[in-house]
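Please read the structure below before turning to the comments.
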Amino acid sequence: MNVQVSSVGVGRFGKRAEGWLELAAEAATLALDGLGRKPIDLLVVGSMLTGAVNGLESTVPRLASRIGMESASGLRVEAASATGAAAFQAAVLAIESGRHERALVVAAEKMTDHPTADIARALASSLHPSEVAIGATMPGLAALVSQRYSGRYGLPTSVYDAVSVHMRRRAAQNPNAQFRTPVTPEEVAASRPVAMPLRLLHCGAISDGAVAVVIEKGAGPASVLGFGQGLDTMRIIDRVDSTSFAATRIAAKRAYEMACITRKEIEFVELHDAFAPFALIDLEDLGFCGPGEAGSWFTEGWVAPDGRLPVNPSGGILGRGHPVGASGLAEIAEVACQLRGEAGDRALPRLPRVGLAQSIGGLASHNFVTILGREAA
Amino acid sequence: MKADKLLQLQRCVSCQGLYLPGNGPCPRCGMREAVPVEIPPLGTVLAATELMNPASGWSSPHRLALVELTESVRLLGIVDGPLPVIGDTVGVRREGMLYRLSASPT
C-alpha cells in the first residue's frame, strides 16, 4: 500500500448555525488549504442523515460545485455511524487502484436543527425493523448490551462513569470539541437516566460537524498501513455474544493482517465511544485486553496520554460530539493529526509512529478499523 | 394450557441451529429451509432496561428485556409489569409480530 493522508481539515463540532453544505465546505476548504491547492480528481462524501433529516440528496455535485471541484469524479458512501470511516476506506481503494491520483474525503452531518425525536427515529433506521417495532432505540439496545456486559463481568456502573470522565478531560484540550468542560464521576452518575445503566453523560450527543482529509499516493508520517471492515447480523438476538462486537473483531483482524503488525505495535487509538461501555468492549475486541478487563484501563488511568495506551486524545464521541456520519472520519483524522505532529495542545507526549482508528456502524453491524503510521518515502 | 401456549421457533434443515422466526434465512448458515419447533414459553433474562424515550408510538417508561430461550436462542420482548433482573425466569407470549414478557407464574 502506498497511500497517505496528506492534509486534514476539521471544523468545530457542536451546535452550529450553518447548514450541512456550509459545514462540509468549511472542512473541505481547511483540508485543501493545508495542501497548497494540488489538483484533486476524486471527491468522496460521507453522510448518514442528509436525505432522511436534511432533505438533501446529490451531496457530491452539491459540494463539488460549492468548492469548485466539478472536474473531479465523486461518490457518496453510507455506513450509519461508521460512514466517515467507510468513505475513507473507499477513497483509499480508489487511489490504490491507480484510477485516481488524489482524493478529498468529506464527512459531514447536520443534526441540531431538528427535534430530538426526529433524530432518534432517523438513527433507529440503522436498526432491524423488528427491534424498532417493539419500541427499541439505539440507546435502548446499547443499554441492554451494556447491562449484559456489566452483569457478566460483575462490574459496577462507576466504571462507565470513568470512561465519560476520561473523554471529557481529553476533549478539554481539543478546540473543535463540543464539550470542553471536564466532568466529575459524581456528575456523570447524577445525570438523568436514558435507559439504565446508561445515563445522559454516558451517551454521545447530537451534534453538527464536518471533517475532511486529502489522501494521495506516496509515503509519509500518516501512511495507510492497513484497514478492514466487518459485518454482523442486524438483529442483536442472532448474535452469539452480546458483550463483544464480532464486526470489530473481524475488521481488526483484517487490518492487522494487512498492515503485518500486531496490536503491540499500536501506540494509541481513537475508538468509537458512542456509549461509554462501548469503549471497554472496543478495547477488548481490538485485542488490547481480555474479555471484561478493559474497565481497569480507565479506572487506573492507563488510557491517559502518558499511559500504556493513550485512548481518544481528541475526546472521543463523548467529548468531541457525534455528528454521526462525520465521527468515523474524525477518528481517522485525529490519528493522522497526532502522527503528523499537528495535534496542538492535545499532542501525545511523544510523537507516535503508529495509531489505530475504530468505528462502529449502527448497533455494531458494520464496523471499521484503520491503521495509519509512519512509512519512509 | 391456554396461558402456557407453546412458542414457535424454527430449526434449520442444514445446520440444525434453532432460531426465532423472522423474514430472513437461518442467521448462522443462511439456509432458508427450516421446520417449525415448539418449545415451552419461558425464558431467562440476560438484560432488562427501561427506556425513558422509546421509539414513537410507545409511552415512557418502556421496558424491554433480552431473554434466552432453549438452546441459546435469544429474544427481545416488551416487559409487562415490573422490570425483571438478570437471571429471572419470565413467561413469553407472542402477540402478532412482537413478544411480551411477564413474571413467570411459578
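Note on naming: chains are A, B, ... as they come in the C-alpha cells, residues start from 1 per chain, ligands start from 1 in the order shown.
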Using only C-alpha atoms, which chain B residues lie at most 9 Å away from chain A, written as a PDB file with N, CA and C atoms, in the first residue's frame?
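That gives us iface-v5.pdb:
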```pdb
ATOM      1  N   TYR B  19     -33.657 -21.087  15.667  1.00  0.00           N
ATOM      2  CA  TYR B  19     -33.721 -19.625  15.669  1.00  0.00           C
ATOM      3  C   TYR B  19     -35.153 -19.116  15.689  1.00  0.00           C
ATOM      4  N   LEU B  20     -35.270 -17.848  16.059  1.00  0.00           N
ATOM      5  CA  LEU B  20     -36.564 -17.184  16.150  1.00  0.00           C
ATOM      6  C   LEU B  20     -37.039 -16.845  14.743  1.00  0.00           C
ATOM      7  N   GLY B  22     -38.291 -15.024  11.550  1.00  0.00           N
ATOM      8  CA  GLY B  22     -38.295 -13.627  11.118  1.00  0.00           C
ATOM      9  C   GLY B  22     -38.500 -13.658   9.617  1.00  0.00           C
ATOM     10  N   PRO B  27     -29.820 -17.451  10.672  1.00  0.00           N
ATOM     11  CA  PRO B  27     -28.769 -16.457  10.937  1.00  0.00           C
ATOM     12  C   PRO B  27     -27.369 -17.063  11.008  1.00  0.00           C
ATOM     13  N   ARG B  28     -27.295 -18.379  11.170  1.00  0.00           N
ATOM     14  CA  ARG B  28     -25.964 -18.998  11.257  1.00  0.00           C
ATOM     15  C   ARG B  28     -25.419 -19.383   9.886  1.00  0.00           C
ATOM     16  N   LEU B  46     -31.412 -12.020  30.323  1.00  0.00           N
ATOM     17  CA  LEU B  46     -29.984 -11.706  30.190  1.00  0.00           C
ATOM     18  C   LEU B  46     -29.741 -10.235  30.506  1.00  0.00           C
ATOM     19  N   ALA B  47     -30.690  -9.392  30.156  1.00  0.00           N
ATOM     20  CA  ALA B  47     -30.589  -7.953  30.412  1.00  0.00           C
ATOM     21  C   ALA B  47     -31.980  -7.347  30.295  1.00  0.00           C
ATOM     22  N   ALA B  48     -32.235  -6.316  31.079  1.00  0.00           N
ATOM     23  CA  ALA B  48     -33.538  -5.642  31.020  1.00  0.00           C
ATOM     24  C   ALA B  48     -33.324  -4.161  31.281  1.00  0.00           C
ATOM     25  N   THR B  49     -34.062  -3.323  30.574  1.00  0.00           N
ATOM     26  CA  THR B  49     -33.894  -1.888  30.786  1.00  0.00           C
ATOM     27  C   THR B  49     -35.228  -1.168  30.606  1.00  0.00           C
ATOM     28  N   GLU B  50     -35.209   0.080  31.036  1.00  0.00           N
ATOM     29  CA  GLU B  50     -36.396   0.920  30.971  1.00  0.00           C
ATOM     30  C   GLU B  50     -36.020   2.132  30.127  1.00  0.00           C
ATOM     31  N   LEU B  51     -36.658   2.300  28.978  1.00  0.00           N
ATOM     32  CA  LEU B  51     -36.324   3.406  28.086  1.00  0.00           C
ATOM     33  C   LEU B  51     -37.131   4.644  28.460  1.00  0.00           C
ATOM     34  N   MET B  52     -36.442   5.755  28.677  1.00  0.00           N
ATOM     35  CA  MET B  52     -37.129   6.999  29.002  1.00  0.00           C
ATOM     36  C   MET B  52     -37.686   7.657  27.744  1.00  0.00           C
ATOM     37  N   ASN B  53     -37.075   7.373  26.594  1.00  0.00           N
ATOM     38  CA  ASN B  53     -37.561   7.916  25.319  1.00  0.00           C
ATOM     39  C   ASN B  53     -37.657   6.794  24.295  1.00  0.00           C
ATOM     40  N   PRO B  54     -38.714   5.956  24.394  1.00  0.00           N
ATOM     41  CA  PRO B  54     -38.817   4.840  23.446  1.00  0.00           C
ATOM     42  C   PRO B  54     -39.157   5.327  22.043  1.00  0.00           C
ATOM     43  N   ALA B  55     -39.083   4.408  21.091  1.00  0.00           N
ATOM     44  CA  ALA B  55     -39.436   4.740  19.709  1.00  0.00           C
ATOM     45  C   ALA B  55     -40.879   5.232  19.657  1.00  0.00           C
ATOM     46  N   SER B  56     -41.187   6.002  18.617  1.00  0.00           N
ATOM     47  CA  SER B  56     -42.507   6.623  18.521  1.00  0.00           C
ATOM     48  C   SER B  56     -43.605   5.566  18.547  1.00  0.00           C
ATOM     49  N   GLY B  57     -44.697   5.935  19.202  1.00  0.00           N
ATOM     50  CA  GLY B  57     -45.814   5.007  19.317  1.00  0.00           C
ATOM     51  C   GLY B  57     -45.857   4.310  20.669  1.00  0.00           C
ATOM     52  N   TRP B  58     -44.788   4.451  21.460  1.00  0.00           N
ATOM     53  CA  TRP B  58     -44.736   3.817  22.775  1.00  0.00           C
ATOM     54  C   TRP B  58     -44.594   4.896  23.837  1.00  0.00           C
ATOM     55  N   SER B  59     -45.197   4.624  25.005  1.00  0.00           N
ATOM     56  CA  SER B  59     -45.109   5.641  26.056  1.00  0.00           C
ATOM     57  C   SER B  59     -43.981   5.305  27.024  1.00  0.00           C
ATOM     58  N   HIS B  62     -40.678   2.679  28.983  1.00  0.00           N
ATOM     59  CA  HIS B  62     -40.982   1.487  28.195  1.00  0.00           C
ATOM     60  C   HIS B  62     -39.934   0.436  28.546  1.00  0.00           C
ATOM     61  N   ARG B  63     -40.397  -0.737  28.966  1.00  0.00           N
ATOM     62  CA  ARG B  63     -39.439  -1.747  29.451  1.00  0.00           C
ATOM     63  C   ARG B  63     -39.199  -2.836  28.405  1.00  0.00           C
ATOM     64  N   LEU B  64     -37.928  -3.124  28.170  1.00  0.00           N
ATOM     65  CA  LEU B  64     -37.536  -4.166  27.228  1.00  0.00           C
ATOM     66  C   LEU B  64     -36.581  -5.127  27.917  1.00  0.00           C
ATOM     67  N   ALA B  65     -36.604  -6.364  27.491  1.00  0.00           N
ATOM     68  CA  ALA B  65     -35.643  -7.332  28.042  1.00  0.00           C
ATOM     69  C   ALA B  65     -35.143  -8.258  26.945  1.00  0.00           C
ATOM     70  N   LEU B  66     -33.890  -8.631  27.106  1.00  0.00           N
ATOM     71  CA  LEU B  66     -33.272  -9.631  26.247  1.00  0.00           C
ATOM     72  C   LEU B  66     -33.308 -10.931  27.036  1.00  0.00           C
ATOM     73  N   VAL B  67     -33.948 -11.951  26.473  1.00  0.00           N
ATOM     74  CA  VAL B  67     -34.046 -13.215  27.213  1.00  0.00           C
ATOM     75  C   VAL B  67     -33.483 -14.364  26.390  1.00  0.00           C
ATOM     76  N   SER B  72     -29.873 -21.566  23.628  1.00  0.00           N
ATOM     77  CA  SER B  72     -29.258 -20.238  23.447  1.00  0.00           C
ATOM     78  C   SER B  72     -29.975 -19.338  22.445  1.00  0.00           C
ATOM     79  N   VAL B  73     -31.211 -19.683  22.086  1.00  0.00           N
ATOM     80  CA  VAL B  73     -31.968 -18.777  21.210  1.00  0.00           C
ATOM     81  C   VAL B  73     -32.364 -17.555  22.036  1.00  0.00           C
ATOM     82  N   ARG B  74     -32.191 -16.380  21.452  1.00  0.00           N
ATOM     83  CA  ARG B  74     -32.497 -15.150  22.182  1.00  0.00           C
ATOM     84  C   ARG B  74     -33.692 -14.424  21.591  1.00  0.00           C
ATOM     85  N   LEU B  75     -34.290 -13.633  22.441  1.00  0.00           N
ATOM     86  CA  LEU B  75     -35.497 -12.928  22.036  1.00  0.00           C
ATOM     87  C   LEU B  75     -35.522 -11.574  22.727  1.00  0.00           C
ATOM     88  N   LEU B  76     -36.025 -10.582  22.029  1.00  0.00           N
ATOM     89  CA  LEU B  76     -36.157  -9.251  22.608  1.00  0.00           C
ATOM     90  C   LEU B  76     -37.651  -9.000  22.760  1.00  0.00           C
ATOM     91  N   GLY B  77     -38.080  -8.685  23.967  1.00  0.00           N
ATOM     92  CA  GLY B  77     -39.511  -8.531  24.175  1.00  0.00           C
ATOM     93  C   GLY B  77     -39.853  -7.344  25.049  1.00  0.00           C
ATOM     94  N   ILE B  78     -41.137  -7.017  25.018  1.00  0.00           N
ATOM     95  CA  ILE B  78     -41.659  -5.926  25.844  1.00  0.00           C
ATOM     96  C   ILE B  78     -42.038  -6.506  27.204  1.00  0.00           C
ATOM     97  N   ILE B  86     -31.527  -9.657  36.024  1.00  0.00           N
ATOM     98  CA  ILE B  86     -30.767 -10.680  35.311  1.00  0.00           C
ATOM     99  C   ILE B  86     -30.932 -12.025  36.020  1.00  0.00           C
ATOM    100  N   MET B  97     -46.488  -9.631  15.652  1.00  0.00           N
ATOM    101  CA  MET B  97     -45.077  -9.712  15.307  1.00  0.00           C
ATOM    102  C   MET B  97     -44.172  -9.435  16.501  1.00  0.00           C
ATOM    103  N   LEU B  98     -44.767  -9.193  17.676  1.00  0.00           N
ATOM    104  CA  LEU B  98     -43.893  -8.900  18.817  1.00  0.00           C
ATOM    105  C   LEU B  98     -44.111  -9.875  19.970  1.00  0.00           C
ATOM    106  N   TYR B  99     -43.205  -9.810  20.911  1.00  0.00           N
ATOM    107  CA  TYR B  99     -43.260 -10.719  22.057  1.00  0.00           C
ATOM    108  C   TYR B  99     -43.427  -9.918  23.337  1.00  0.00           C
TER     109      TYR B  99
END
```
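Residues in contact with Arg169 of chain A at up to 9 Å, not including ones fewer than 6 positions away on its chain and judged by only C-alpha atoms, are Arg180, Thr181, Pro182, Val183, Gly315 and Gly319 of chain A.
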Quick one: residues within 7 Å of Gly43 of chain B, only C-alpha atoms, excluding same-chain residues fewer than 2 positions away - as a JSON list (two decimals) with N, CA and C atoms, in the first residue's frame?
```
[["chain", "number", "residue", "atom", "x", "y", "z"],
["B", 41, "PRO", "N", -42.98, -21.75, 26.72],
["B", 41, "PRO", "CA", -42.83, -20.29, 26.59],
["B", 41, "PRO", "C", -42.17, -19.63, 27.79],
["B", 45, "VAL", "N", -33.83, -14.08, 31.79],
["B", 45, "VAL", "CA", -33.45, -12.69, 31.48],
["B", 45, "VAL", "C", -31.93, -12.53, 31.46],
["B", 67, "VAL", "N", -33.95, -11.95, 26.47],
["B", 67, "VAL", "CA", -34.05, -13.21, 27.21],
["B", 67, "VAL", "C", -33.48, -14.36, 26.39],
["B", 68, "GLU", "N", -33.08, -15.39, 27.10],
["B", 68, "GLU", "CA", -32.55, -16.59, 26.45],
["B", 68, "GLU", "C", -33.57, -17.71, 26.59],
["B", 69, "LEU", "N", -33.88, -18.35, 25.45],
["B", 69, "LEU", "CA", -34.79, -19.49, 25.46],
["B", 69, "LEU", "C", -33.94, -20.76, 25.40],
["B", 89, "THR", "N", -36.67, -15.85, 35.56],
["B", 89, "THR", "CA", -37.40, -16.58, 34.53],
["B", 89, "THR", "C", -38.67, -15.80, 34.22],
["B", 90, "VAL", "N", -38.94, -15.60, 32.94],
["B", 90, "VAL", "CA", -40.14, -14.86, 32.53],
["B", 90, "VAL", "C", -40.96, -15.69, 31.55],
["B", 91, "GLY", "N", -42.26, -15.44, 31.56],
["B", 91, "GLY", "CA", -43.14, -16.06, 30.58],
["B", 91, "GLY", "C", -43.09, -15.26, 29.29],
["B", 92, "VAL", "N", -43.17, -15.94, 28.15],
["B", 92, "VAL", "CA", -43.08, -15.29, 26.84],
["B", 92, "VAL", "C", -44.37, -15.54, 26.07]]
```
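Note that atom CA of Val77 of chain A and atom CA of Thr59 of chain A are 10.3 Å apart.
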| task | Mind giving me the straight-line distance from atom CA of Leu363 of chain A to atom CA of Leu283 of chain A in Å, one decimal? | result | 16.6 Å
Counting only C-alpha atoms, what are the residues of segment 135-171 of chain A within 7 Å of segment 294-306 of chain A, and for each of them which pair of atoms is the nearest and at what distance in Å, to one decimal? Sort the table by chain and rising number, as a Markdown table.
```
| residue | atom | partner | partner_atom | distance |
| --- | --- | --- | --- | --- |
| A:Val159 | CA | A:Gly295 | CA | 5.8 |
| A:Ala162 | CA | A:Thr299 | CA | 6.0 |
| A:Val163 | CA | A:Phe298 | CA | 6.1 |
```
| message | So that I can check the surroundings of segment 44-46 of chain A, please list as a list in words every protein, DNA and RNA residue that reaches within 9 Å of it, counting only C-alpha atoms and ignoring chain neighbours fewer than 6 positions away. | response | Ala24, Thr59, Val60, Leu63, Ser73, Gly74, Leu75, Arg76, Val77, Glu78, Ala79, Thr83, Gly84, Ala85, Ala86, Ala87, Phe88, Ala90, Ala91, Ala103, Leu104, Val105, Val106, Ala107, Ala108, Glu109, Gly325, Ala326 and Leu329 of chain A
| field | segment 3-12 of chain A environment, 6 Å, only C-alpha atoms, sequence neighbours closer than 4 positions dropped, as a list in words | value | Ala27, Leu30, Ala31, Gly34, Leu35, Asn176, Ala210, Val211, Ala212, Val213, Val214, Ile215, Glu216, Lys217, Gly218, Ala219, Ala222, Ser223 and Val224 of chain A
| message | If we count only C-alpha atoms and set the cut-off at 12 Å, which residues sit around Gln10 of chain B, ignoring sequence neighbours fewer than 5 positions away in its own chain? Please answer as a list in words. | response |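 My reading of the contact set: Cys15, Gln16, Gly17, Leu18, Tyr19, Leu20, Pro21, Gly22, Asn23, Gly24, Pro25, Cys26, Pro27, Met31, Arg32, Glu33, Ala34, Val35, Pro36, Val37, Glu38, Ile39, Thr70, Glu71 and Val73 of chain B.
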| task | Select from chain B everything DSSP, run on the backbone, classes as strand (DSSP E or B), then give the selection as a VMD selection string. | result | chain B and resid 7 to 12 18 to 19 34 to 39 42 to 51 62 to 68 74 to 79 89 to 95 98 to 103
Filtering to N, CA and C atoms, could you give me those residues as a compact mmCIF listing (two decimals), in the first residue's frame?
```txt
# COMPACT_ATOMS: atom_id res chain seq x y z
N LEU B 7 -44.32 -21.78 22.29
CA LEU B 7 -43.67 -20.76 21.48
C LEU B 7 -43.06 -21.43 20.27
N GLN B 8 -43.29 -20.82 19.11
CA GLN B 8 -42.78 -21.47 17.89
C GLN B 8 -41.42 -20.92 17.46
N LEU B 9 -40.46 -21.82 17.26
CA LEU B 9 -39.14 -21.47 16.72
C LEU B 9 -38.96 -22.23 15.41
N GLN B 10 -37.81 -22.04 14.79
CA GLN B 10 -37.52 -22.77 13.56
C GLN B 10 -36.19 -23.49 13.69
N ARG B 11 -36.16 -24.73 13.17
CA ARG B 11 -34.89 -25.45 13.15
C ARG B 11 -34.41 -25.55 11.71
N CYS B 12 -33.19 -25.05 11.48
CA CYS B 12 -32.60 -25.04 10.15
C CYS B 12 -32.36 -26.47 9.69
N LEU B 18 -31.24 -23.65 15.93
CA LEU B 18 -32.60 -23.21 16.27
C LEU B 18 -32.62 -21.69 16.26
N TYR B 19 -33.66 -21.09 15.67
CA TYR B 19 -33.72 -19.62 15.67
C TYR B 19 -35.15 -19.12 15.69
N ALA B 34 -36.47 -24.49 6.80
CA ALA B 34 -36.49 -24.75 8.24
C ALA B 34 -37.80 -25.45 8.60
N VAL B 35 -37.78 -26.19 9.69
CA VAL B 35 -39.01 -26.84 10.16
C VAL B 35 -39.41 -26.21 11.49
N PRO B 36 -40.72 -26.04 11.71
CA PRO B 36 -41.15 -25.43 12.97
C PRO B 36 -40.91 -26.35 14.17
N VAL B 37 -40.56 -25.72 15.30
CA VAL B 37 -40.33 -26.46 16.54
C VAL B 37 -41.06 -25.69 17.64
N GLU B 38 -41.75 -26.40 18.51
CA GLU B 38 -42.45 -25.71 19.60
C GLU B 38 -41.74 -25.96 20.92
N ILE B 39 -41.60 -24.88 21.70
CA ILE B 39 -40.92 -25.00 22.99
C ILE B 39 -41.78 -24.37 24.09
N LEU B 42 -40.96 -20.05 28.08
CA LEU B 42 -40.24 -19.50 29.22
C LEU B 42 -38.84 -19.08 28.81
N GLY B 43 -38.36 -17.98 29.37
CA GLY B 43 -37.01 -17.52 29.05
C GLY B 43 -36.30 -17.02 30.29
N THR B 44 -34.98 -16.94 30.21
CA THR B 44 -34.16 -16.42 31.30
C THR B 44 -33.66 -15.03 30.91
N VAL B 45 -33.83 -14.08 31.79
CA VAL B 45 -33.45 -12.69 31.48
C VAL B 45 -31.93 -12.53 31.46
N LEU B 46 -31.41 -12.02 30.32
CA LEU B 46 -29.98 -11.71 30.19
C LEU B 46 -29.74 -10.24 30.51
N ALA B 47 -30.69 -9.39 30.16
CA ALA B 47 -30.59 -7.95 30.41
C ALA B 47 -31.98 -7.35 30.30
N ALA B 48 -32.23 -6.32 31.08
CA ALA B 48 -33.54 -5.64 31.02
C ALA B 48 -33.32 -4.16 31.28
N THR B 49 -34.06 -3.32 30.57
CA THR B 49 -33.89 -1.89 30.79
C THR B 49 -35.23 -1.17 30.61
N GLU B 50 -35.21 0.08 31.04
CA GLU B 50 -36.40 0.92 30.97
C GLU B 50 -36.02 2.13 30.13
N LEU B 51 -36.66 2.30 28.98
CA LEU B 51 -36.32 3.41 28.09
C LEU B 51 -37.13 4.64 28.46
N HIS B 62 -40.68 2.68 28.98
CA HIS B 62 -40.98 1.49 28.20
C HIS B 62 -39.93 0.44 28.55
N ARG B 63 -40.40 -0.74 28.97
CA ARG B 63 -39.44 -1.75 29.45
C ARG B 63 -39.20 -2.84 28.41
N LEU B 64 -37.93 -3.12 28.17
CA LEU B 64 -37.54 -4.17 27.23
C LEU B 64 -36.58 -5.13 27.92
N ALA B 65 -36.60 -6.36 27.49
CA ALA B 65 -35.64 -7.33 28.04
C ALA B 65 -35.14 -8.26 26.94
N LEU B 66 -33.89 -8.63 27.11
CA LEU B 66 -33.27 -9.63 26.25
C LEU B 66 -33.31 -10.93 27.04
N VAL B 67 -33.95 -11.95 26.47
CA VAL B 67 -34.05 -13.21 27.21
C VAL B 67 -33.48 -14.36 26.39
N GLU B 68 -33.08 -15.39 27.10
CA GLU B 68 -32.55 -16.59 26.45
C GLU B 68 -33.57 -17.71 26.59
N ARG B 74 -32.19 -16.38 21.45
CA ARG B 74 -32.50 -15.15 22.18
C ARG B 74 -33.69 -14.42 21.59
N LEU B 75 -34.29 -13.63 22.44
CA LEU B 75 -35.50 -12.93 22.04
C LEU B 75 -35.52 -11.57 22.73
N LEU B 76 -36.02 -10.58 22.03
CA LEU B 76 -36.16 -9.25 22.61
C LEU B 76 -37.65 -9.00 22.76
N GLY B 77 -38.08 -8.68 23.97
CA GLY B 77 -39.51 -8.53 24.17
C GLY B 77 -39.85 -7.34 25.05
N ILE B 78 -41.14 -7.02 25.02
CA ILE B 78 -41.66 -5.93 25.84
C ILE B 78 -42.04 -6.51 27.20
N VAL B 79 -41.60 -5.85 28.27
CA VAL B 79 -41.89 -6.34 29.62
C VAL B 79 -43.21 -5.73 30.10
N THR B 89 -36.67 -15.85 35.56
CA THR B 89 -37.40 -16.58 34.53
C THR B 89 -38.67 -15.80 34.22
N VAL B 90 -38.94 -15.60 32.94
CA VAL B 90 -40.14 -14.86 32.53
C VAL B 90 -40.96 -15.69 31.55
N GLY B 91 -42.26 -15.44 31.56
CA GLY B 91 -43.14 -16.06 30.58
C GLY B 91 -43.09 -15.26 29.29
N VAL B 92 -43.17 -15.94 28.15
CA VAL B 92 -43.08 -15.29 26.84
C VAL B 92 -44.37 -15.54 26.07
N ARG B 93 -44.95 -14.48 25.55
CA ARG B 93 -46.20 -14.60 24.80
C ARG B 93 -46.06 -13.85 23.49
N ARG B 94 -46.38 -14.50 22.39
CA ARG B 94 -46.30 -13.84 21.10
C ARG B 94 -47.60 -13.07 20.85
N GLU B 95 -47.45 -11.86 20.36
CA GLU B 95 -48.63 -11.04 20.05
C GLU B 95 -48.38 -10.42 18.69
N LEU B 98 -44.77 -9.19 17.68
CA LEU B 98 -43.89 -8.90 18.82
C LEU B 98 -44.11 -9.87 19.97
N TYR B 99 -43.21 -9.81 20.91
CA TYR B 99 -43.26 -10.72 22.06
C TYR B 99 -43.43 -9.92 23.34
N ARG B 100 -44.25 -10.46 24.22
CA ARG B 100 -44.46 -9.83 25.52
C ARG B 100 -43.94 -10.74 26.62
N LEU B 101 -43.32 -10.12 27.61
CA LEU B 101 -42.69 -10.88 28.69
C LEU B 101 -43.35 -10.49 30.01
N SER B 102 -43.53 -11.49 30.88
CA SER B 102 -44.09 -11.16 32.20
C SER B 102 -43.53 -12.13 33.22
N ALA B 103 -43.61 -11.73 34.48
CA ALA B 103 -43.09 -12.58 35.55
C ALA B 103 -43.70 -13.97 35.44
```
